[in-house]
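*Asks:* Data file input_12.txt (compact mmCIF, N, CA and C atoms) is appended below.
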```
# COMPACT_ATOMS: atom_id res chain seq x y z
N MET A 1 109.31 -96.30 72.00
CA MET A 1 108.10 -95.84 71.34
C MET A 1 108.49 -94.80 70.29
N THR A 2 107.88 -94.89 69.13
CA THR A 2 108.16 -93.92 68.07
C THR A 2 106.95 -93.03 67.89
N SER A 3 107.19 -91.86 67.37
CA SER A 3 106.09 -90.95 67.09
C SER A 3 106.13 -90.56 65.63
N SER A 4 104.99 -90.26 65.11
CA SER A 4 104.88 -89.88 63.71
C SER A 4 104.57 -88.40 63.63
N SER A 5 105.14 -87.73 62.63
CA SER A 5 104.86 -86.31 62.46
C SER A 5 103.62 -86.09 61.61
N ALA A 6 103.08 -87.15 61.03
CA ALA A 6 101.88 -87.02 60.21
C ALA A 6 100.68 -86.75 61.11
N PRO A 7 99.79 -85.83 60.70
CA PRO A 7 98.63 -85.55 61.52
C PRO A 7 97.70 -86.75 61.56
N SER A 8 97.10 -87.00 62.73
CA SER A 8 96.18 -88.13 62.82
C SER A 8 94.81 -87.68 62.32
N ARG A 9 94.16 -88.55 61.58
CA ARG A 9 92.85 -88.25 61.03
C ARG A 9 91.86 -89.19 61.69
N LYS A 10 90.77 -88.65 62.18
CA LYS A 10 89.77 -89.48 62.83
C LYS A 10 89.04 -90.31 61.77
N ALA A 11 88.78 -91.53 62.12
CA ALA A 11 88.07 -92.44 61.23
C ALA A 11 86.59 -92.09 61.18
N LEU A 12 85.97 -92.38 60.06
CA LEU A 12 84.53 -92.17 59.93
C LEU A 12 83.77 -93.04 60.92
N SER A 13 82.66 -92.53 61.40
CA SER A 13 81.79 -93.35 62.23
C SER A 13 81.20 -94.46 61.37
N LYS A 14 80.68 -95.47 62.02
CA LYS A 14 80.07 -96.58 61.27
C LYS A 14 78.91 -96.08 60.43
N ILE A 15 78.11 -95.16 60.99
CA ILE A 15 76.98 -94.59 60.24
C ILE A 15 77.49 -93.85 59.01
N ALA A 16 78.52 -93.02 59.17
CA ALA A 16 79.08 -92.26 58.05
C ALA A 16 79.64 -93.20 56.99
N CYS A 17 80.36 -94.20 57.43
CA CYS A 17 80.97 -95.16 56.50
C CYS A 17 79.89 -95.89 55.69
N ASN A 18 78.86 -96.39 56.38
CA ASN A 18 77.76 -97.08 55.69
C ASN A 18 77.04 -96.15 54.71
N ARG A 19 76.80 -94.93 55.15
CA ARG A 19 76.09 -93.97 54.29
C ARG A 19 76.92 -93.66 53.04
N LEU A 20 78.22 -93.39 53.22
CA LEU A 20 79.06 -93.06 52.07
C LEU A 20 79.23 -94.25 51.12
N GLN A 21 79.33 -95.45 51.66
CA GLN A 21 79.41 -96.62 50.79
C GLN A 21 78.13 -96.77 49.97
N LYS A 22 76.99 -96.52 50.60
CA LYS A 22 75.71 -96.58 49.89
C LYS A 22 75.64 -95.50 48.81
N GLU A 23 76.05 -94.27 49.15
CA GLU A 23 76.02 -93.18 48.17
C GLU A 23 76.96 -93.46 47.01
N LEU A 24 78.13 -94.00 47.30
CA LEU A 24 79.09 -94.30 46.25
C LEU A 24 78.54 -95.37 45.31
N THR A 25 77.91 -96.39 45.86
CA THR A 25 77.31 -97.44 45.03
C THR A 25 76.21 -96.85 44.15
N GLU A 26 75.35 -96.01 44.74
CA GLU A 26 74.28 -95.36 43.96
C GLU A 26 74.87 -94.47 42.87
N TRP A 27 75.96 -93.75 43.20
CA TRP A 27 76.63 -92.88 42.23
C TRP A 27 77.14 -93.70 41.05
N GLN A 28 77.77 -94.83 41.35
CA GLN A 28 78.34 -95.66 40.30
C GLN A 28 77.24 -96.23 39.39
N LEU A 29 76.07 -96.52 39.94
CA LEU A 29 74.96 -97.04 39.16
C LEU A 29 74.23 -95.95 38.38
N ASN A 30 74.14 -94.75 38.95
CA ASN A 30 73.39 -93.67 38.34
C ASN A 30 74.07 -92.33 38.64
N PRO A 31 75.20 -92.05 37.98
CA PRO A 31 75.92 -90.80 38.29
C PRO A 31 75.14 -89.57 37.83
N PRO A 32 75.21 -88.48 38.60
CA PRO A 32 74.54 -87.26 38.16
C PRO A 32 75.18 -86.75 36.88
N THR A 33 74.37 -86.26 35.97
CA THR A 33 74.86 -85.76 34.68
C THR A 33 75.84 -84.61 34.90
N GLY A 34 76.99 -84.70 34.24
CA GLY A 34 77.99 -83.64 34.33
C GLY A 34 79.02 -83.85 35.42
N PHE A 35 78.97 -84.99 36.10
CA PHE A 35 79.89 -85.26 37.21
C PHE A 35 80.54 -86.62 37.04
N ARG A 36 81.81 -86.70 37.43
CA ARG A 36 82.53 -87.97 37.38
C ARG A 36 83.35 -88.10 38.66
N HIS A 37 83.12 -89.17 39.38
CA HIS A 37 83.86 -89.45 40.62
C HIS A 37 85.16 -90.15 40.24
N LYS A 38 86.28 -89.63 40.71
CA LYS A 38 87.56 -90.28 40.48
C LYS A 38 87.78 -91.29 41.60
N VAL A 39 87.92 -92.53 41.24
CA VAL A 39 88.04 -93.60 42.22
C VAL A 39 89.36 -93.49 42.97
N THR A 40 89.27 -93.50 44.29
CA THR A 40 90.44 -93.52 45.18
C THR A 40 90.16 -94.54 46.27
N ASP A 41 91.12 -94.75 47.13
CA ASP A 41 90.90 -95.68 48.24
C ASP A 41 90.51 -94.95 49.52
N ASN A 42 90.15 -93.67 49.41
CA ASN A 42 89.80 -92.88 50.58
C ASN A 42 88.31 -92.52 50.53
N LEU A 43 87.50 -93.20 51.31
CA LEU A 43 86.07 -92.96 51.33
C LEU A 43 85.73 -91.60 51.93
N GLN A 44 86.62 -91.05 52.75
CA GLN A 44 86.37 -89.79 53.44
C GLN A 44 86.67 -88.57 52.56
N LYS A 45 87.39 -88.77 51.45
CA LYS A 45 87.71 -87.65 50.56
C LYS A 45 87.43 -88.09 49.13
N TRP A 46 86.48 -87.43 48.49
CA TRP A 46 86.13 -87.74 47.10
C TRP A 46 86.68 -86.66 46.19
N ILE A 47 87.16 -87.07 45.04
CA ILE A 47 87.57 -86.14 43.99
C ILE A 47 86.54 -86.27 42.88
N ILE A 48 85.93 -85.15 42.51
CA ILE A 48 84.83 -85.16 41.54
C ILE A 48 85.13 -84.16 40.44
N ASP A 49 85.06 -84.61 39.19
CA ASP A 49 85.16 -83.72 38.04
C ASP A 49 83.77 -83.19 37.72
N VAL A 50 83.67 -81.86 37.57
CA VAL A 50 82.41 -81.20 37.25
C VAL A 50 82.53 -80.60 35.86
N THR A 51 81.61 -80.94 34.97
CA THR A 51 81.59 -80.36 33.63
C THR A 51 80.45 -79.37 33.55
N GLY A 52 80.75 -78.14 33.10
CA GLY A 52 79.74 -77.10 33.01
C GLY A 52 78.58 -77.50 32.11
N ALA A 53 77.39 -77.09 32.49
CA ALA A 53 76.18 -77.44 31.74
C ALA A 53 76.14 -76.73 30.39
N PRO A 54 75.59 -77.40 29.39
CA PRO A 54 75.47 -76.77 28.06
C PRO A 54 74.65 -75.48 28.15
N GLY A 55 75.03 -74.50 27.34
CA GLY A 55 74.29 -73.24 27.28
C GLY A 55 74.60 -72.28 28.41
N THR A 56 75.64 -72.56 29.22
CA THR A 56 76.02 -71.66 30.30
C THR A 56 77.42 -71.15 30.05
N LEU A 57 77.87 -70.20 30.86
CA LEU A 57 79.22 -69.67 30.74
C LEU A 57 80.28 -70.74 30.94
N TYR A 58 79.91 -71.81 31.63
CA TYR A 58 80.87 -72.86 31.97
C TYR A 58 80.71 -74.11 31.09
N ALA A 59 79.95 -74.00 30.01
CA ALA A 59 79.69 -75.14 29.14
C ALA A 59 81.00 -75.80 28.70
N ASN A 60 81.04 -77.11 28.85
CA ASN A 60 82.17 -77.95 28.43
C ASN A 60 83.47 -77.70 29.17
N GLU A 61 83.47 -76.84 30.16
CA GLU A 61 84.67 -76.65 30.98
C GLU A 61 84.61 -77.65 32.14
N THR A 62 85.76 -78.15 32.54
CA THR A 62 85.80 -79.13 33.62
C THR A 62 86.55 -78.56 34.80
N TYR A 63 85.97 -78.72 35.97
CA TYR A 63 86.56 -78.27 37.22
C TYR A 63 86.63 -79.46 38.16
N GLN A 64 87.54 -79.40 39.09
CA GLN A 64 87.70 -80.51 40.02
C GLN A 64 87.32 -80.06 41.42
N LEU A 65 86.46 -80.84 42.04
CA LEU A 65 86.06 -80.62 43.43
C LEU A 65 86.68 -81.69 44.30
N GLN A 66 87.07 -81.30 45.47
CA GLN A 66 87.49 -82.25 46.49
C GLN A 66 86.48 -82.14 47.61
N VAL A 67 85.78 -83.21 47.88
CA VAL A 67 84.74 -83.21 48.91
C VAL A 67 85.25 -84.03 50.08
N GLU A 68 85.31 -83.40 51.25
CA GLU A 68 85.77 -84.09 52.46
C GLU A 68 84.59 -84.24 53.41
N PHE A 69 84.46 -85.45 53.93
CA PHE A 69 83.34 -85.77 54.79
C PHE A 69 83.78 -85.83 56.24
N PRO A 70 83.03 -85.17 57.13
CA PRO A 70 83.37 -85.20 58.55
C PRO A 70 83.08 -86.57 59.15
N VAL A 71 83.64 -86.82 60.29
CA VAL A 71 83.51 -88.10 60.97
C VAL A 71 82.04 -88.47 61.18
N ASN A 72 81.20 -87.48 61.49
CA ASN A 72 79.80 -87.78 61.78
C ASN A 72 78.86 -87.42 60.63
N TYR A 73 79.33 -87.52 59.38
CA TYR A 73 78.46 -87.38 58.21
C TYR A 73 77.39 -88.46 58.29
N PRO A 74 76.15 -88.22 57.97
CA PRO A 74 75.56 -87.06 57.33
C PRO A 74 74.98 -86.03 58.30
N MET A 75 75.20 -86.21 59.59
CA MET A 75 74.66 -85.24 60.54
C MET A 75 75.38 -83.91 60.43
N GLU A 76 76.57 -83.91 59.90
CA GLU A 76 77.34 -82.69 59.66
C GLU A 76 77.64 -82.60 58.17
N ALA A 77 77.58 -81.40 57.64
CA ALA A 77 77.77 -81.18 56.20
C ALA A 77 79.20 -81.47 55.75
N PRO A 78 79.34 -81.95 54.51
CA PRO A 78 80.68 -82.12 53.96
C PRO A 78 81.26 -80.76 53.59
N GLN A 79 82.52 -80.74 53.27
CA GLN A 79 83.18 -79.52 52.86
C GLN A 79 83.76 -79.77 51.47
N ALA A 80 83.53 -78.85 50.55
CA ALA A 80 84.03 -79.01 49.18
C ALA A 80 84.98 -77.86 48.86
N CYS A 81 86.06 -78.19 48.17
CA CYS A 81 87.04 -77.19 47.77
C CYS A 81 87.28 -77.26 46.28
N HIS A 82 87.42 -76.11 45.68
CA HIS A 82 87.86 -75.98 44.29
C HIS A 82 88.90 -74.88 44.28
N LEU A 83 90.13 -75.24 44.14
CA LEU A 83 91.25 -74.30 44.15
C LEU A 83 91.25 -73.43 45.40
N ASP A 84 90.18 -72.71 45.64
CA ASP A 84 90.02 -71.91 46.85
C ASP A 84 88.97 -72.60 47.71
N PRO A 85 89.00 -72.40 49.02
CA PRO A 85 87.99 -73.05 49.85
C PRO A 85 86.58 -72.65 49.44
N LEU A 86 85.70 -73.61 49.36
CA LEU A 86 84.30 -73.37 49.03
C LEU A 86 83.49 -74.34 49.86
N ASP A 87 83.08 -73.94 51.02
CA ASP A 87 82.30 -74.84 51.86
C ASP A 87 80.85 -74.72 51.45
N ILE A 88 80.14 -75.83 51.55
CA ILE A 88 78.79 -75.85 51.01
C ILE A 88 77.75 -76.16 52.07
N LEU A 89 76.59 -75.56 51.87
CA LEU A 89 75.37 -75.95 52.58
C LEU A 89 75.45 -75.87 54.10
N TYR A 90 75.82 -74.73 54.61
CA TYR A 90 75.92 -74.56 56.06
C TYR A 90 74.58 -74.70 56.75
N ASP A 91 73.87 -73.61 56.83
CA ASP A 91 72.62 -73.61 57.58
C ASP A 91 71.53 -74.42 56.90
N SER A 92 71.64 -74.62 55.60
CA SER A 92 70.60 -75.35 54.88
C SER A 92 70.92 -76.84 54.76
N TRP A 93 72.00 -77.31 55.37
CA TRP A 93 72.36 -78.72 55.30
C TRP A 93 71.31 -79.58 55.97
N SER A 94 71.04 -80.71 55.36
CA SER A 94 70.14 -81.71 55.93
C SER A 94 70.78 -83.08 55.78
N PRO A 95 70.71 -83.92 56.80
CA PRO A 95 71.27 -85.27 56.68
C PRO A 95 70.64 -86.08 55.55
N ALA A 96 69.49 -85.65 55.06
CA ALA A 96 68.84 -86.36 53.96
C ALA A 96 69.52 -86.06 52.62
N MET A 97 70.35 -85.03 52.57
CA MET A 97 71.04 -84.68 51.33
C MET A 97 72.13 -85.72 51.03
N THR A 98 72.45 -85.85 49.75
CA THR A 98 73.49 -86.79 49.32
C THR A 98 74.57 -86.05 48.55
N VAL A 99 75.65 -86.73 48.26
CA VAL A 99 76.72 -86.13 47.46
C VAL A 99 76.17 -85.73 46.10
N SER A 100 75.35 -86.56 45.51
CA SER A 100 74.76 -86.24 44.20
C SER A 100 73.94 -84.95 44.27
N SER A 101 73.12 -84.80 45.30
CA SER A 101 72.29 -83.59 45.39
C SER A 101 73.15 -82.35 45.62
N VAL A 102 74.25 -82.49 46.35
CA VAL A 102 75.17 -81.37 46.55
C VAL A 102 75.81 -80.98 45.22
N CYS A 103 76.23 -81.97 44.45
CA CYS A 103 76.86 -81.70 43.14
C CYS A 103 75.88 -81.00 42.21
N ILE A 104 74.65 -81.46 42.19
CA ILE A 104 73.64 -80.82 41.34
C ILE A 104 73.41 -79.38 41.78
N SER A 105 73.44 -79.11 43.07
CA SER A 105 73.29 -77.74 43.57
C SER A 105 74.45 -76.86 43.11
N ILE A 106 75.65 -77.40 43.14
CA ILE A 106 76.82 -76.63 42.68
C ILE A 106 76.70 -76.33 41.20
N LEU A 107 76.29 -77.31 40.40
CA LEU A 107 76.13 -77.09 38.97
C LEU A 107 75.04 -76.05 38.71
N SER A 108 73.98 -76.08 39.49
CA SER A 108 72.91 -75.10 39.35
C SER A 108 73.43 -73.69 39.64
N MET A 109 74.25 -73.55 40.69
CA MET A 109 74.81 -72.23 41.01
C MET A 109 75.72 -71.74 39.88
N LEU A 110 76.55 -72.64 39.35
CA LEU A 110 77.42 -72.25 38.23
C LEU A 110 76.60 -71.86 37.01
N SER A 111 75.55 -72.63 36.74
CA SER A 111 74.73 -72.40 35.54
C SER A 111 73.97 -71.08 35.60
N SER A 112 73.63 -70.62 36.78
CA SER A 112 72.87 -69.37 36.90
C SER A 112 73.77 -68.14 36.97
N SER A 113 75.07 -68.34 36.96
CA SER A 113 75.99 -67.22 37.07
C SER A 113 75.99 -66.39 35.78
N PRO A 114 75.81 -65.05 35.88
CA PRO A 114 75.80 -64.20 34.70
C PRO A 114 77.21 -63.82 34.21
N ALA A 115 78.22 -64.05 35.02
CA ALA A 115 79.60 -63.67 34.64
C ALA A 115 80.58 -64.60 35.35
N LYS A 116 81.72 -64.84 34.70
CA LYS A 116 82.78 -65.66 35.30
C LYS A 116 83.68 -64.75 36.12
N GLU A 117 83.26 -64.44 37.30
CA GLU A 117 84.08 -63.61 38.18
C GLU A 117 83.79 -63.97 39.63
N ARG A 118 84.82 -63.80 40.43
CA ARG A 118 84.68 -64.08 41.85
C ARG A 118 84.08 -62.85 42.54
N PRO A 119 83.46 -63.05 43.70
CA PRO A 119 82.94 -61.90 44.45
C PRO A 119 84.07 -60.93 44.79
N ALA A 120 83.72 -59.68 44.96
CA ALA A 120 84.72 -58.64 45.23
C ALA A 120 85.56 -58.93 46.47
N ASP A 121 84.99 -59.56 47.47
CA ASP A 121 85.72 -59.82 48.71
C ASP A 121 86.33 -61.23 48.77
N ASN A 122 86.43 -61.91 47.65
CA ASN A 122 86.93 -63.28 47.61
C ASN A 122 88.37 -63.39 48.13
N ASP A 123 89.26 -62.50 47.70
CA ASP A 123 90.66 -62.61 48.10
C ASP A 123 90.83 -62.49 49.62
N ARG A 124 90.07 -61.60 50.23
CA ARG A 124 90.14 -61.44 51.69
C ARG A 124 89.65 -62.70 52.38
N TYR A 125 88.58 -63.27 51.87
CA TYR A 125 88.04 -64.49 52.46
C TYR A 125 89.03 -65.65 52.34
N VAL A 126 89.60 -65.84 51.16
CA VAL A 126 90.55 -66.93 50.94
C VAL A 126 91.76 -66.77 51.84
N LYS A 127 92.23 -65.54 52.02
CA LYS A 127 93.37 -65.30 52.90
C LYS A 127 93.04 -65.73 54.33
N ASN A 128 91.84 -65.40 54.80
CA ASN A 128 91.42 -65.81 56.15
C ASN A 128 91.36 -67.32 56.28
N CYS A 129 90.88 -68.00 55.26
CA CYS A 129 90.79 -69.46 55.30
C CYS A 129 92.17 -70.09 55.32
N LYS A 130 93.10 -69.52 54.57
CA LYS A 130 94.45 -70.07 54.54
C LYS A 130 95.17 -69.84 55.86
N ASN A 131 94.70 -68.90 56.66
CA ASN A 131 95.29 -68.64 57.96
C ASN A 131 94.68 -69.52 59.05
N GLY A 132 94.01 -70.56 58.65
CA GLY A 132 93.49 -71.52 59.61
C GLY A 132 92.03 -71.37 59.97
N ARG A 133 91.36 -70.37 59.44
CA ARG A 133 89.95 -70.19 59.74
C ARG A 133 89.13 -71.18 58.92
N SER A 134 88.25 -71.88 59.56
CA SER A 134 87.42 -72.85 58.87
C SER A 134 86.29 -72.15 58.11
N PRO A 135 86.05 -72.56 56.86
CA PRO A 135 84.92 -71.98 56.14
C PRO A 135 83.59 -72.24 56.83
N LYS A 136 83.53 -73.26 57.66
CA LYS A 136 82.28 -73.55 58.36
C LYS A 136 81.95 -72.49 59.41
N GLU A 137 82.92 -71.65 59.77
CA GLU A 137 82.68 -70.57 60.73
C GLU A 137 82.15 -69.31 60.04
N THR A 138 82.07 -69.35 58.73
CA THR A 138 81.66 -68.18 57.96
C THR A 138 80.15 -67.99 58.00
N ARG A 139 79.74 -66.75 58.16
CA ARG A 139 78.34 -66.40 58.01
C ARG A 139 78.22 -65.83 56.60
N TRP A 140 77.59 -66.57 55.71
CA TRP A 140 77.57 -66.23 54.30
C TRP A 140 76.58 -65.12 53.99
N TRP A 141 76.98 -64.25 53.09
CA TRP A 141 76.13 -63.22 52.55
C TRP A 141 76.26 -63.33 51.04
N PHE A 142 75.16 -63.57 50.36
CA PHE A 142 75.22 -63.80 48.92
C PHE A 142 75.04 -62.50 48.16
N HIS A 143 75.92 -62.27 47.18
CA HIS A 143 75.87 -61.08 46.35
C HIS A 143 74.75 -61.18 45.31
N ASP A 144 74.31 -62.39 45.05
CA ASP A 144 73.31 -62.64 44.03
C ASP A 144 72.13 -63.33 44.69
N ASP A 145 70.99 -62.66 44.74
CA ASP A 145 69.85 -63.26 45.43
C ASP A 145 69.20 -64.38 44.64
N LYS A 146 69.74 -64.70 43.45
CA LYS A 146 69.21 -65.81 42.66
C LYS A 146 69.93 -67.10 42.98
N ALA A 147 71.02 -67.04 43.74
CA ALA A 147 71.80 -68.25 44.05
C ALA A 147 71.11 -69.09 45.08
```
Can you give me the file's structure in the form of structure tokens?
*Replies:*
Amino acid sequence: MTSSSAPSRKALSKIACNRLQKELTEWQLNPPTGFRHKVTDNLQKWIIDVTGAPGTLYANETYQLQVEFPVNYPMEAPQACHLDPLDILYDSWSPAMTVSSVCISILSMLSSSPAKERPADNDRYVKNCKNGRSPKETRWWFHDDKA
């Protein structure tokens, strides 16, 4: 018997797989403005290019998001990363939400930002995440009540 050193990844549930295939098809037919899905063979991990909305600090800038879907999506929220961990929609997650609606929410948050700067405690948070702490365990406190 041989063993592999590669970590095993749990397969998506049938519900998650069907839901993501449906969302991907809808995305391809009607992509949200400012977003481009990079086609890969991994349904559980999407790479999405985000272009900043016109008239904002991020206008015409492109950022890349990696969205990872849990085995029991959509009952559990996906996790999105951009260079540093950025988990989305904890307590406000709803199984009715889609990847497109999450992307539009991210663009809305970027568009309402008054300055291109990270929160003062960002470095401490990122360090904790890199030490194995899941962003889903975070109790978020927003510095900007408009977000």
*Asks:* Extract, using only C-alpha atoms, all DNA, RNA and protein residues at most 8 Å from Pro31 of chain A, discarding same-chain residues fewer than 5 positions from it, and format them as a list of chain:residue names.
*Replies:* A:Glu26, A:Arg36, A:Ser100
*Asks:* Given only C-alpha atoms as the basis, pick out the residue of A:Ala77, A:Val71, A:Ala53, A:Leu43 nearest to Thr25 of chain A.
*Replies:* A:Leu43
*Asks:* What does the structure give for the distance between atom CA of Tyr58 of chain A and atom CA of Ile104 of chain A, in Å to one decimal?
*Replies:*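 Pair atom CA of Tyr58 of chain A / atom CA of Ile104 of chain A returns 14.3 Å.
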*Asks:* Between atom CA of Leu57 of chain A and atom N of Gly34 of chain A, what is the distance in Å, rounded to a tenth?
*Replies:*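 Interatomic distance here is 15.6 Å.
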*Asks:* Quick one: pull the distance between atom C of Asn72 of chain A and atom CA of Asn18 of chain A, Å, one decimal.
*Replies:*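 These atoms are spaced 10.9 Å apart.
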*Asks:* Mind checking which residues fall within 12 Å of Thr40 of chain A, counting only C-alpha atoms, ignoring those fewer than 6 positions away in the same chain, and posting them as a list in words?
*Replies:* Leu24, Trp46, Ile47, Ile48 and Gln66 of chain A
*Asks:* Near Ala96 of chain A, counting only C-alpha atoms, which residues have an atom at most 12 Å away, once you skip same-chain residues fewer than 4 positions from it, shown as a list of chain:residue names?
*Replies:*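 What passes the distance filter is A:Arg19, A:Glu23, A:Tyr73, A:Pro74, A:Met75, A:Glu76, A:Ala77, A:Ser92, A:Ser100, A:Ser101, A:Val102.
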